[in-house]
>>> print(open('input_33.txt').read())   # compact mmCIF, C-alpha atoms
# COMPACT_ATOMS: atom_id res chain seq x y z
CA MET A 1 53.18 71.72 170.45
CA ARG A 2 55.97 73.60 168.76
CA ILE A 3 54.50 75.28 165.69
CA VAL A 4 56.41 77.11 162.94
CA PHE A 5 54.84 79.56 160.51
CA TYR A 6 57.07 79.86 157.47
CA SER A 7 57.32 81.52 154.04
CA THR A 8 60.01 81.68 151.38
CA ASN A 9 60.91 84.18 148.67
CA SER A 10 62.74 83.15 145.50
CA ASN A 11 62.82 86.66 144.02
CA VAL A 12 65.12 89.63 144.64
CA PHE A 13 63.76 92.06 147.21
CA ASP A 14 65.43 95.34 148.21
CA ASP A 15 63.98 96.64 151.46
CA LYS A 16 65.91 99.89 151.03
CA THR A 17 63.87 100.88 147.99
CA PHE A 18 60.62 98.97 148.59
CA ILE A 19 59.09 99.88 151.93
CA ILE A 20 56.15 97.98 153.44
CA SER A 21 54.42 99.52 156.46
CA VAL A 22 51.54 97.86 158.32
CA LEU A 23 49.51 99.41 161.16
CA PRO A 24 48.98 97.80 163.58
CA HIS A 25 52.37 96.15 163.19
CA ASN A 26 52.45 92.45 162.39
CA LYS A 27 54.68 92.04 165.44
CA ASN A 28 51.83 93.15 167.69
CA SER A 29 49.36 90.82 165.97
CA PHE A 30 51.76 87.90 166.41
CA MET A 31 52.37 88.67 170.08
CA ASP A 32 48.62 88.91 170.73
CA PHE A 33 48.15 85.58 168.96
CA ILE A 34 50.83 83.91 171.09
CA SER A 35 49.19 85.17 174.28
CA LEU A 36 45.94 83.44 173.26
CA HIS A 37 47.68 80.04 173.02
CA PRO A 38 50.12 79.69 175.95
CA GLU A 39 49.93 75.88 175.59
CA HIS A 40 51.98 76.11 172.36
CA GLU A 41 55.38 77.50 171.39
CA PHE A 42 55.36 79.47 168.13
CA PHE A 43 58.11 80.47 165.69
CA CYS A 44 58.27 82.33 162.40
CA VAL A 45 60.86 81.57 159.70
CA THR A 46 60.79 83.68 156.56
CA GLN A 47 62.70 85.73 154.01
CA LYS A 48 62.31 89.39 153.11
CA PRO A 49 59.84 90.99 152.74
CA GLY A 50 58.18 88.47 155.08
CA MET A 51 54.67 89.64 154.26
CA PHE A 52 52.18 88.96 157.10
CA MET A 53 55.11 88.03 159.36
CA PRO A 54 56.46 90.08 162.31
CA GLU A 55 58.71 92.82 161.00
CA GLU A 56 62.43 92.02 160.89
CA LYS A 57 63.22 95.10 162.98
CA SER A 58 61.06 93.74 165.80
CA GLU A 59 64.03 91.50 166.69
CA LEU A 60 61.85 88.86 168.37
CA LYS A 61 63.83 85.77 169.37
CA ASN A 62 61.26 83.42 167.89
CA VAL A 63 61.23 85.22 164.51
CA ILE A 64 63.98 84.26 162.05
CA TYR A 65 64.75 86.04 158.78
CA LEU A 66 67.00 83.97 156.54
CA PRO A 67 69.25 85.47 153.82
CA GLN A 68 67.75 85.82 150.35
CA SER A 69 70.34 83.36 149.00
CA THR A 70 69.05 80.55 151.26
CA ASP A 71 67.98 77.59 149.12
CA THR A 72 65.08 75.22 149.79
CA LYS A 73 67.03 72.53 151.65
CA ILE A 74 68.91 74.95 153.90
CA PHE A 75 65.65 76.77 154.61
CA ALA A 76 64.05 73.46 155.62
CA GLU A 77 67.08 72.60 157.78
CA GLN A 78 66.63 75.84 159.70
CA ILE A 79 63.05 74.82 160.48
CA ILE A 80 64.07 71.26 161.37
CA GLN A 81 66.57 72.62 163.92
CA LEU A 82 63.63 74.14 165.80
CA LYS A 83 62.21 70.60 166.24
CA PRO A 84 58.64 71.56 165.41
CA ASP A 85 55.61 69.31 165.68
CA LEU A 86 53.88 71.26 162.92
CA ALA A 87 54.87 73.71 160.17
CA ILE A 88 52.28 76.00 158.54
CA ALA A 89 53.02 77.80 155.26
CA MET A 90 52.09 81.50 155.16
CA THR A 91 52.83 81.89 151.47
CA PHE A 92 52.84 85.42 150.05
CA TRP A 93 53.46 86.78 146.57
CA ILE A 94 55.94 89.07 144.86
CA GLU A 95 56.67 90.10 141.27
CA PRO A 96 57.37 88.91 138.66
CA TYR A 97 56.27 85.27 139.13
CA ASP A 98 53.51 84.08 141.42
CA TRP A 99 55.24 80.78 142.18
CA LEU A 100 56.08 81.01 145.89
CA THR A 101 53.45 78.36 146.65
CA VAL A 102 55.72 75.91 144.81
CA SER A 103 58.74 77.14 146.76
CA ASP A 104 56.97 76.64 150.11
CA SER A 105 55.75 73.22 148.92
CA LEU A 106 59.31 72.12 148.23
CA VAL A 107 60.22 73.09 151.80
CA ALA A 108 57.22 71.09 153.04
CA ARG A 109 58.51 68.02 151.19
CA GLU A 110 61.83 68.26 153.01
CA LEU A 111 60.06 68.62 156.35
CA GLN A 112 57.82 65.65 155.65
CA LYS A 113 60.91 63.52 155.04
CA GLN A 114 61.72 64.20 158.71
CA ASN A 115 58.18 63.24 159.77
CA ILE A 116 57.22 66.84 160.51
CA ASN A 117 53.54 67.50 159.91
CA THR A 118 52.92 70.34 157.48
CA ILE A 119 50.00 72.43 156.34
CA CYS A 120 50.96 73.50 152.84
CA HIS A 121 49.58 73.09 149.34
CA SER A 122 51.23 70.42 147.22
CA VAL A 123 53.80 71.11 144.52
CA GLU A 124 51.31 69.89 141.91
CA CYS A 125 48.60 72.25 143.19
CA GLY A 126 51.05 75.15 143.12
CA LEU A 127 52.10 74.41 139.55
CA ILE A 128 48.50 74.04 138.34
CA CYS A 129 47.49 77.41 139.76
CA PHE A 130 50.74 79.15 138.76
CA ASP A 131 50.18 78.45 135.04
CA LYS A 132 46.88 79.95 133.87
CA TRP A 133 46.63 77.50 130.95
CA ARG A 134 47.00 74.58 133.35
CA THR A 135 44.46 76.24 135.63
CA HIS A 136 42.03 76.53 132.71
CA ASN A 137 42.39 72.84 131.86
CA GLU A 138 42.17 71.72 135.49
CA LEU A 139 38.92 73.64 136.00
CA LYS A 140 37.57 71.97 132.86
CA ARG A 141 38.68 68.56 134.13
CA LEU A 142 36.93 69.14 137.45
CA GLY A 143 33.69 69.87 135.61
CA PHE A 144 33.49 73.65 135.94
CA ASN A 145 32.22 75.86 133.14
CA VAL A 146 35.18 77.63 131.57
CA PRO A 147 35.27 80.19 128.75
CA GLN A 148 36.66 79.09 125.39
CA ALA A 149 40.37 79.83 125.16
CA VAL A 150 43.43 79.53 122.92
CA PHE A 151 46.96 78.92 124.15
CA CYS A 152 49.77 80.65 122.25
CA ASP A 153 53.27 79.22 122.66
CA HIS A 154 55.65 82.15 122.29
CA ASP A 155 58.60 80.22 120.87
CA LEU A 156 56.53 78.43 118.23
CA TYR A 157 54.65 81.60 117.31
CA PHE A 158 57.92 83.35 116.40
CA CYS A 159 60.01 80.33 115.35
CA ALA A 160 59.92 81.13 111.59
CA GLY A 161 61.81 84.38 112.08
CA SER A 162 64.99 82.59 113.12
CA ASN A 163 64.65 79.53 110.88
CA LYS A 164 65.40 80.15 107.20
CA GLU A 165 64.09 76.72 106.22
CA VAL A 166 60.52 77.69 107.18
CA LEU A 167 58.48 79.34 104.40
CA LYS A 168 55.40 79.92 106.54
CA ASN A 169 54.61 79.43 110.21
CA VAL A 170 51.86 76.82 110.38
CA TYR A 171 51.62 77.16 114.15
CA LYS A 172 50.94 80.90 113.85
CA GLU A 173 48.22 80.18 111.27
CA SER A 174 46.62 77.65 113.62
CA VAL A 175 46.49 80.26 116.38
CA TYR A 176 44.76 82.73 114.02
CA ASN A 177 42.26 80.05 113.04
CA GLN A 178 41.45 79.20 116.66
CA VAL A 179 41.18 82.85 117.73
CA GLU A 180 38.64 83.56 115.00
CA LYS A 181 36.33 80.98 116.58
CA LEU A 182 36.28 82.83 119.91
CA THR A 183 33.45 85.17 120.82
CA LEU A 184 34.57 88.78 121.27
CA PRO A 185 35.70 90.49 123.38
CA VAL A 186 38.61 88.42 124.64
CA ILE A 187 41.16 88.90 127.37
CA ILE A 188 44.85 88.24 126.73
CA LYS A 189 46.89 87.03 129.71
CA ASP A 190 50.47 86.14 130.49
CA THR A 191 50.15 82.51 131.58
CA THR A 192 52.54 82.95 134.53
CA GLY A 193 52.09 86.61 135.44
CA LEU A 194 51.14 87.92 138.87
CA SER A 195 47.43 88.67 139.35
CA SER A 196 45.90 90.82 136.57
CA TYR A 197 49.08 92.77 135.82
CA GLY A 198 49.58 93.10 132.06
CA MET A 199 46.16 91.79 131.03
CA THR A 200 44.65 93.26 127.87
CA VAL A 201 41.07 93.27 126.58
CA ALA A 202 40.69 93.05 122.78
CA HIS A 203 37.40 93.86 121.04
CA THR A 204 38.32 92.82 117.49
CA TYR A 205 40.24 89.92 115.96
CA GLY A 206 42.59 92.48 114.42
CA GLU A 207 43.46 93.76 117.90
CA VAL A 208 44.31 90.23 119.01
CA ILE A 209 46.57 89.57 116.02
CA GLY A 210 48.17 92.99 116.36
CA TYR A 211 48.95 92.26 120.01
CA LEU A 212 50.37 88.80 119.29
CA ASN A 213 52.64 90.23 116.56
CA SER A 214 53.87 93.09 118.75
CA LYS A 215 56.77 93.33 121.21
CA ARG A 216 54.22 93.12 124.03
CA ASN A 217 53.93 89.41 123.26
CA ASN A 218 57.14 88.37 124.97
CA SER A 219 56.08 85.09 126.60
CA ASN A 220 53.36 82.44 126.40
CA ARG A 221 49.84 83.89 126.23
CA LEU A 222 46.29 82.75 126.92
CA ILE A 223 43.54 84.29 124.79
CA GLU A 224 40.26 83.72 126.58
CA GLU A 225 36.69 84.82 126.00
CA PHE A 226 35.86 87.71 128.31
CA ILE A 227 33.01 87.05 130.73
CA ASN A 228 30.90 90.14 131.32
CA GLY A 229 29.62 90.49 134.85
CA ARG A 230 30.38 91.57 138.38
CA GLN A 231 33.83 90.71 139.75
CA PHE A 232 34.11 89.04 143.15
CA GLY A 233 36.72 87.32 145.25
CA LEU A 234 36.76 85.12 148.32
CA GLU A 235 39.10 83.04 150.45
CA VAL A 236 38.81 79.45 151.58
CA TYR A 237 40.67 78.03 154.59
CA GLY A 238 41.25 74.51 155.81
CA VAL A 239 42.38 71.03 154.86
CA PRO A 240 40.68 68.19 152.94
CA GLY A 241 37.40 67.28 154.61
CA ALA A 242 37.36 70.47 156.71
CA TYR A 243 37.15 73.58 154.53
CA GLN A 244 35.57 76.91 155.38
CA VAL A 245 34.43 79.18 152.56
CA LEU A 246 34.20 82.84 153.51
CA PRO A 247 31.52 85.14 152.05
CA PRO A 248 32.57 87.00 148.89
CA PHE A 249 33.58 90.62 148.39
CA GLU A 250 32.89 92.58 145.22
CA PHE A 251 35.82 94.18 143.38
CA SER A 252 35.72 97.44 141.52
CA VAL A 253 36.99 97.35 137.92
CA ASN A 254 38.81 99.76 135.63
CA GLN A 255 37.61 101.12 132.27
CA TYR A 256 38.51 97.80 130.63
CA GLY A 257 36.40 95.75 133.02
CA ILE A 258 39.48 94.32 134.78
CA THR A 259 40.23 94.42 138.49
CA SER A 260 43.34 96.52 139.09
CA PRO A 261 45.30 95.41 142.19
CA LYS A 262 46.71 98.92 142.64
CA GLN A 263 43.36 100.71 142.40
CA SER A 264 40.52 98.32 143.17
CA THR A 265 38.10 98.65 146.05
CA LYS A 266 36.70 95.62 147.87
CA THR A 267 33.25 95.91 149.45
CA GLY A 268 31.14 93.37 151.28
CA PRO A 269 30.69 90.84 152.58
CA PHE A 270 27.91 89.55 150.33
CA PRO A 271 25.79 86.52 151.26
CA LEU A 272 27.51 83.20 150.61
CA LEU A 273 24.90 81.39 148.55
CA ASP A 274 24.76 77.60 148.81
CA ILE A 275 25.51 77.18 145.11
CA LEU A 276 28.73 79.20 145.47
CA ARG A 277 29.75 77.44 148.69
CA GLU A 278 29.33 74.02 147.06
CA MET A 279 31.24 75.22 144.01
CA ILE A 280 34.24 76.33 146.08
CA LEU A 281 34.16 73.21 148.25
CA LYS A 282 34.27 71.10 145.08
CA LEU A 283 37.26 73.14 143.89
CA ALA A 284 39.07 72.84 147.24
CA GLU A 285 38.56 69.09 147.43
CA GLY A 286 39.54 68.68 143.77
CA LEU A 287 42.84 70.50 144.29
CA LYS A 288 43.32 69.09 147.81
CA LEU A 289 44.05 72.53 149.24
CA TYR A 290 46.00 72.77 152.50
CA GLY A 291 45.86 76.16 154.19
CA ALA A 292 44.60 79.42 152.70
CA ALA A 293 43.60 80.05 149.10
CA GLN A 294 41.94 82.90 147.24
CA VAL A 295 39.58 82.59 144.28
CA ASP A 296 38.62 85.26 141.72
CA LEU A 297 35.07 85.00 140.40
CA VAL A 298 32.68 86.57 137.93
CA LEU A 299 28.89 86.58 138.35
CA ASP A 300 27.55 86.85 134.81
CA GLU A 301 24.34 88.48 133.61
CA ASN A 302 22.47 85.20 134.06
CA ASP A 303 23.61 84.88 137.70
CA ASN A 304 26.04 82.07 136.90
CA TRP A 305 29.32 81.96 138.82
CA HIS A 306 32.61 81.51 136.94
CA ILE A 307 36.04 80.80 138.46
CA ILE A 308 38.62 83.08 136.87
CA GLU A 309 41.77 82.49 138.89
CA ILE A 310 42.98 80.48 141.89
CA ASN A 311 45.74 81.72 144.21
CA PRO A 312 46.72 78.94 146.66
CA ARG A 313 48.29 81.29 149.20
CA LEU A 314 47.49 84.27 151.38
CA SER A 315 46.26 87.13 149.23
CA GLY A 316 45.34 90.77 148.93
CA MET A 317 42.11 89.80 150.70
CA SER A 318 43.73 88.16 153.76
CA TYR A 319 44.07 91.29 155.88
CA THR A 320 40.51 92.27 154.94
CA TYR A 321 39.07 88.95 156.09
CA ALA A 322 41.20 88.92 159.24
CA CYS A 323 40.01 92.41 160.17
CA ALA A 324 36.40 91.59 159.32
CA CYS A 325 36.54 88.49 161.56
CA SER A 326 38.43 90.37 164.32
CA LEU A 327 41.28 87.88 164.13
CA SER A 328 44.92 87.92 163.07
CA VAL A 329 46.02 86.06 159.95
CA TYR A 330 47.84 83.61 162.28
CA GLU A 331 44.59 82.92 164.13
CA MET A 332 42.68 82.47 160.85
CA LEU A 333 45.09 79.72 159.81
CA TYR A 334 45.38 78.16 163.26
CA ARG A 335 41.65 77.89 163.90
CA SER A 336 40.73 76.61 160.45
CA CYS A 337 43.64 74.25 159.83
CA VAL A 338 44.80 73.11 163.29
CA GLU A 339 41.74 73.30 165.52
CA LYS A 340 39.40 72.86 162.52
CA SER A 341 36.96 75.13 164.32
CA ALA A 342 34.58 77.60 162.69
CA LEU A 343 35.76 81.08 161.80
CA PRO A 344 33.47 83.88 163.00
CA GLN A 345 31.13 85.65 160.62
CA PRO A 346 32.69 88.85 159.21
CA ALA A 347 31.45 92.28 160.22
CA PRO A 348 28.40 93.34 158.18
CA PHE A 349 30.02 96.41 156.60
CA VAL A 350 33.59 96.10 155.34
CA MET A 351 35.57 98.07 152.79
CA SER A 352 39.15 97.93 151.55
CA PHE A 353 40.31 100.82 149.38
CA LYS A 354 43.50 102.53 148.25
CA LEU A 355 44.79 105.90 149.46
CA PRO A 356 47.80 107.90 148.22
CA LEU A 357 51.13 107.33 149.94
CA MET A 358 51.40 109.06 153.30
CA THR A 359 53.79 109.67 156.18
CA GLU A 360 53.86 107.55 159.32
CA ASN A 361 52.09 110.30 161.29
CA GLN A 362 49.36 110.55 158.66
CA MET A 363 48.89 106.79 158.83
CA LYS A 364 48.53 106.98 162.61
CA GLU A 365 45.91 109.73 162.31
CA ILE A 366 43.80 107.66 159.94
CA ALA A 367 44.34 104.48 161.97
CA ALA A 368 42.79 106.26 164.98
CA LEU A 369 39.50 106.88 163.16
CA ASP A 370 36.40 104.92 164.10
CA GLY A 371 36.19 101.59 162.26
CA VAL A 372 39.67 101.72 160.68
CA CYS A 373 41.21 98.33 161.42
CA LEU A 374 44.41 98.25 159.38
CA LEU A 375 46.60 100.26 157.03
CA ASN A 376 48.99 98.50 154.67
CA GLN A 377 51.31 100.76 152.67
CA THR A 378 53.71 99.73 149.89
CA ASN A 379 56.14 102.36 148.65
CA ASP A 380 58.49 101.64 145.75
CA LEU A 381 61.17 104.33 145.96
CA ALA A 382 62.78 103.04 142.76
CA ALA A 383 59.64 103.48 140.65
CA ARG A 384 60.12 105.63 137.56
CA GLN A 385 56.59 106.98 137.45
CA GLU A 386 54.55 108.50 140.27
CA ARG A 387 51.61 106.14 139.73
CA GLU A 388 53.91 103.12 140.13
CA LYS A 389 55.28 104.15 143.53
CA GLY A 390 52.55 102.46 145.50
CA PHE A 391 49.53 103.07 147.68
CA CYS A 392 48.18 102.74 151.19
CA GLU A 393 45.41 100.18 151.63
CA CYS A 394 42.85 101.17 154.24
CA ILE A 395 40.47 98.59 155.74
CA ILE A 396 37.31 99.70 157.55
CA CYS A 397 35.00 97.30 159.41
CA CYS A 398 31.79 98.45 161.07
CA LYS A 399 28.58 97.11 162.54
CA GLU A 400 26.65 100.11 161.23
CA LYS A 401 26.80 101.62 157.75
CA SER A 402 26.55 105.16 159.12
CA ILE A 403 29.84 104.74 161.01
CA MET A 404 31.62 103.76 157.80
CA GLN A 405 30.11 106.71 155.93
CA ASN A 406 31.27 109.14 158.62
CA THR A 407 34.79 107.69 158.64
CA LEU A 408 35.02 107.88 154.85
CA GLN A 409 33.99 111.54 154.99
CA GLN A 410 36.69 112.26 157.59
CA ILE A 411 39.35 110.53 155.48
CA GLU A 412 38.25 112.51 152.43
CA LEU A 413 38.64 115.78 154.35
CA MET A 414 42.07 114.72 155.63
CA GLN A 415 43.22 114.05 152.05
CA LYS A 416 42.42 117.59 150.86
>>> encode(input="input_33.txt", output="structure tokens")
Amino acid sequence: MRIVFYSTNSNVFDDKTFIISVLPHNKNSFMDFISLHPEHEFFCVTQKPGMFMPEEKSELKNVIYLPQSTDTKIFAEQIIQLKPDLAIAMTFWIEPYDWLTVSDSLVARELQKQNINTICHSVECGLICFDKWRTHNELKRLGFNVPQAVFCDHDLYFCAGSNKEVLKNVYKESVYNQVEKLTLPVIIKDTTGLSSYGMTVAHTYGEVIGYLNSKRNNSNRLIEEFINGRQFGLEVYGVPGAYQVLPPFEFSVNQYGITSPKQSTKTGPFPLLDILREMILKLAEGLKLYGAAQVDLVLDENDNWHIIEINPRLSGMSYTYACACSLSVYEMLYRSCVEKSALPQPAPFVMSFKLPLMTENQMKEIAALDGVCLLNQTNDLAARQEREKGFCECIICCKEKSIMQNTLQQIELMQK
């Protein structure tokens, strides 16, 4: 078969100021993957930054980077020219909007018109998971327990300010009334923001109203009861009728009880209990997922699982799972979605954590340590503040806990 891995990017990306460095290089992972399947011919078609894809500088003939201005139909035409038997979306994410699943889905629609088989989430699935209010309602429709929440439409909330005929804003009053029925604390989210960026925890009703009346409220918001408990995440791979749920990892949280993408540590894997497996399988079948998806979870004080967010794409956990299973991301998708064969059990001791930015030589020194599987550094040279420049993710996988402890000690000494 001729198989194309593809991913689009609808947002501006400047690779001169935002540098992504992965060790081992994605090029090497792709070449190793190809060597395992000589019966197939593989291609990659993407746009910068091409996360998870072979680096543009690798200049491989079967890797195509299209201009940022390329629209959906032209992107699809480029894939069609390769005459593939199958196209697999390797959707990534980039600020400010987490909507690239929809973009890849639109490409899939064009390919399907040409009778090209695709493994990609549907447009509807992408839109449901992109909008947190729609996600909330879909989870409720599917029968999951969801926290009480209030949706605040930004335009209606501030409409009286620009309309002299309005004496009082009834919509704003209705929001106040609904918020007062929520149990504190609550979490305030941008309905279309990326991950947990910009989330705020409010402990009083006055804090909520103060936030909604401030300049920070610059788009639609979801005010949702905050679920106290341990934060976890997992990925699910596959297609309807053939899903594989991977065991969860626990996330560290900041002082507000929120997982911070730029600072969090992932540790695990933890046992995949039957009740959680069945819960995720129900979710996957309900959304008709095609490919990879990531789910954020909370385990409350009564040991009840709650779904917090769904990301129907590759995620910040994908490299961790790939390393833990001793596979590439390409192999994870190929085995689960094409062969529909079982993914291996992850290594028993795995950790993903953030290190300060470092030079290429420093990355190579750490990559050579026992158990270190991958380093993934993002460096924003245009950042105004030091803490916004980026970090280097380090993933360690070991069969023995003592090996991980020794490696962590060595890394700590190297950072001094």
>>> closest_atom_pairs(input="input_33.txt", of="range 117-164 of chain A", to="range 177-198 of chain A", cutoff="12 Å", atoms="only C-alpha atoms", output="tab-separated table")
residue	atom	partner	partner_atom	distance
A:Gly126	CA	A:Thr192	CA	11.7
A:Leu127	CA	A:Thr192	CA	9.9
A:Ile128	CA	A:Thr192	CA	10.5
A:Cys129	CA	A:Thr192	CA	9.1
A:Phe130	CA	A:Thr192	CA	6.0
A:Asp131	CA	A:Thr192	CA	5.1
A:Lys132	CA	A:Thr191	CA	4.7
A:Trp133	CA	A:Thr191	CA	6.2
A:Arg134	CA	A:Thr191	CA	8.7
A:Thr135	CA	A:Thr191	CA	9.4
A:His136	CA	A:Thr191	CA	10.1
A:Pro147	CA	A:Leu182	CA	9.3
A:Gln148	CA	A:Leu182	CA	6.6
A:Ala149	CA	A:Leu182	CA	7.3
A:Val150	CA	A:Val179	CA	6.6
A:Phe151	CA	A:Thr191	CA	8.8
A:Cys152	CA	A:Thr191	CA	9.5
A:Asp153	CA	A:Thr191	CA	10.0
A:His154	CA	A:Asp190	CA	10.5
>>> residues_near_point(input="input_33.txt", point="(32.5, 77.2, 144.9)", cutoff="10 Å", atoms="all atoms listed in the file", output="list in words")
Phe144, Leu234, Val236, Val245, Leu272, Leu273, Asp274, Ile275, Leu276, Arg277, Glu278, Met279, Ile280, Leu281, Lys282, Leu283, Ala284, Val295, Leu297, Trp305, His306 and Ile307 of chain A
>>> closest_residue(input="input_33.txt", among="A:Met414, A:Ser252, A:Tyr243, A:Leu314", to="Ser341 in chain A", atoms="all atoms listed in the file")
A:Tyr243
>>> residues_near_point(input="input_33.txt", point="(42.2, 104.2, 148.3)", cutoff="7 Å", atoms="only C-alpha atoms", output="PyMOL selection string")
chain A and resi 263+353-356+392-394
>>> atom_distance(input="input_33.txt", atom1="CA of Ile34 in chain A", atom2="CA of Pro67 in chain A")
25.3 Å
>>> build_atoms(input="input_33.txt", residues="range 263-286 of chain A", atoms="N, CA and C atoms", output="mmCIF file, keeping the file's coordinate frame")
data_model
loop_
_atom_site.group_PDB
_atom_site.id
_atom_site.type_symbol
_atom_site.label_atom_id
_atom_site.label_comp_id
_atom_site.auth_asym_id
_atom_site.auth_seq_id
_atom_site.Cartn_x
_atom_site.Cartn_y
_atom_site.Cartn_z
ATOM 1 N N GLN A 263 44.416 99.708 142.313
ATOM 2 C CA GLN A 263 43.360 100.710 142.400
ATOM 3 C C GLN A 263 42.029 100.174 142.908
ATOM 4 N N SER A 264 41.846 98.871 142.907
ATOM 5 C CA SER A 264 40.520 98.320 143.170
ATOM 6 C C SER A 264 40.067 98.521 144.609
ATOM 7 N N THR A 265 38.760 98.575 144.750
ATOM 8 C CA THR A 265 38.100 98.650 146.050
ATOM 9 C C THR A 265 37.356 97.339 146.278
ATOM 10 N N LYS A 266 37.443 96.831 147.507
ATOM 11 C CA LYS A 266 36.700 95.620 147.870
ATOM 12 C C LYS A 266 35.601 96.012 148.839
ATOM 13 N N THR A 267 34.367 95.615 148.561
ATOM 14 C CA THR A 267 33.250 95.910 149.450
ATOM 15 C C THR A 267 32.469 94.640 149.723
ATOM 16 N N GLY A 268 31.918 94.559 150.913
ATOM 17 C CA GLY A 268 31.140 93.370 151.280
ATOM 18 C C GLY A 268 31.002 93.306 152.782
ATOM 19 N N PRO A 269 30.825 92.097 153.322
ATOM 20 C CA PRO A 269 30.690 90.840 152.580
ATOM 21 C C PRO A 269 29.284 90.664 152.013
ATOM 22 N N PHE A 270 29.196 89.902 150.926
ATOM 23 C CA PHE A 270 27.910 89.550 150.330
ATOM 24 C C PHE A 270 27.513 88.155 150.818
ATOM 25 N N PRO A 271 26.224 87.837 150.787
ATOM 26 C CA PRO A 271 25.790 86.520 151.260
ATOM 27 C C PRO A 271 26.486 85.390 150.487
ATOM 28 N N LEU A 272 26.896 84.372 151.225
ATOM 29 C CA LEU A 272 27.510 83.200 150.610
ATOM 30 C C LEU A 272 26.395 82.225 150.246
ATOM 31 N N LEU A 273 25.972 82.256 149.004
ATOM 32 C CA LEU A 273 24.900 81.390 148.550
ATOM 33 C C LEU A 273 25.358 79.936 148.535
ATOM 34 N N ASP A 274 24.426 79.026 148.764
ATOM 35 C CA ASP A 274 24.760 77.600 148.810
ATOM 36 C C ASP A 274 25.436 77.129 147.530
ATOM 37 N N ILE A 275 24.950 77.630 146.391
ATOM 38 C CA ILE A 275 25.510 77.180 145.110
ATOM 39 C C ILE A 275 26.983 77.585 144.980
ATOM 40 N N LEU A 276 27.341 78.759 145.515
ATOM 41 C CA LEU A 276 28.730 79.200 145.470
ATOM 42 C C LEU A 276 29.572 78.425 146.480
ATOM 43 N N ARG A 277 29.029 78.217 147.674
ATOM 44 C CA ARG A 277 29.750 77.440 148.690
ATOM 45 C C ARG A 277 30.091 76.043 148.154
ATOM 46 N N GLU A 278 29.100 75.366 147.579
ATOM 47 C CA GLU A 278 29.330 74.020 147.060
ATOM 48 C C GLU A 278 30.346 74.030 145.920
ATOM 49 N N MET A 279 30.313 75.086 145.125
ATOM 50 C CA MET A 279 31.240 75.220 144.010
ATOM 51 C C MET A 279 32.684 75.319 144.514
ATOM 52 N N ILE A 280 32.893 76.136 145.545
ATOM 53 C CA ILE A 280 34.240 76.330 146.080
ATOM 54 C C ILE A 280 34.705 75.094 146.848
ATOM 55 N N LEU A 281 33.790 74.437 147.552
ATOM 56 C CA LEU A 281 34.160 73.210 148.250
ATOM 57 C C LEU A 281 34.591 72.135 147.252
ATOM 58 N N LYS A 282 33.899 72.052 146.134
ATOM 59 C CA LYS A 282 34.270 71.100 145.080
ATOM 60 C C LYS A 282 35.667 71.427 144.542
ATOM 61 N N LEU A 283 35.950 72.706 144.355
ATOM 62 C CA LEU A 283 37.260 73.140 143.890
ATOM 63 C C LEU A 283 38.336 72.787 144.905
ATOM 64 N N ALA A 284 38.087 73.096 146.185
ATOM 65 C CA ALA A 284 39.070 72.840 147.240
ATOM 66 C C ALA A 284 39.382 71.353 147.366
ATOM 67 N N GLU A 285 38.342 70.528 147.330
ATOM 68 C CA GLU A 285 38.560 69.090 147.430
ATOM 69 C C GLU A 285 39.262 68.557 146.184
ATOM 70 N N GLY A 286 38.912 69.122 145.009
ATOM 71 C CA GLY A 286 39.540 68.680 143.770
ATOM 72 C C GLY A 286 41.025 68.965 143.725
#
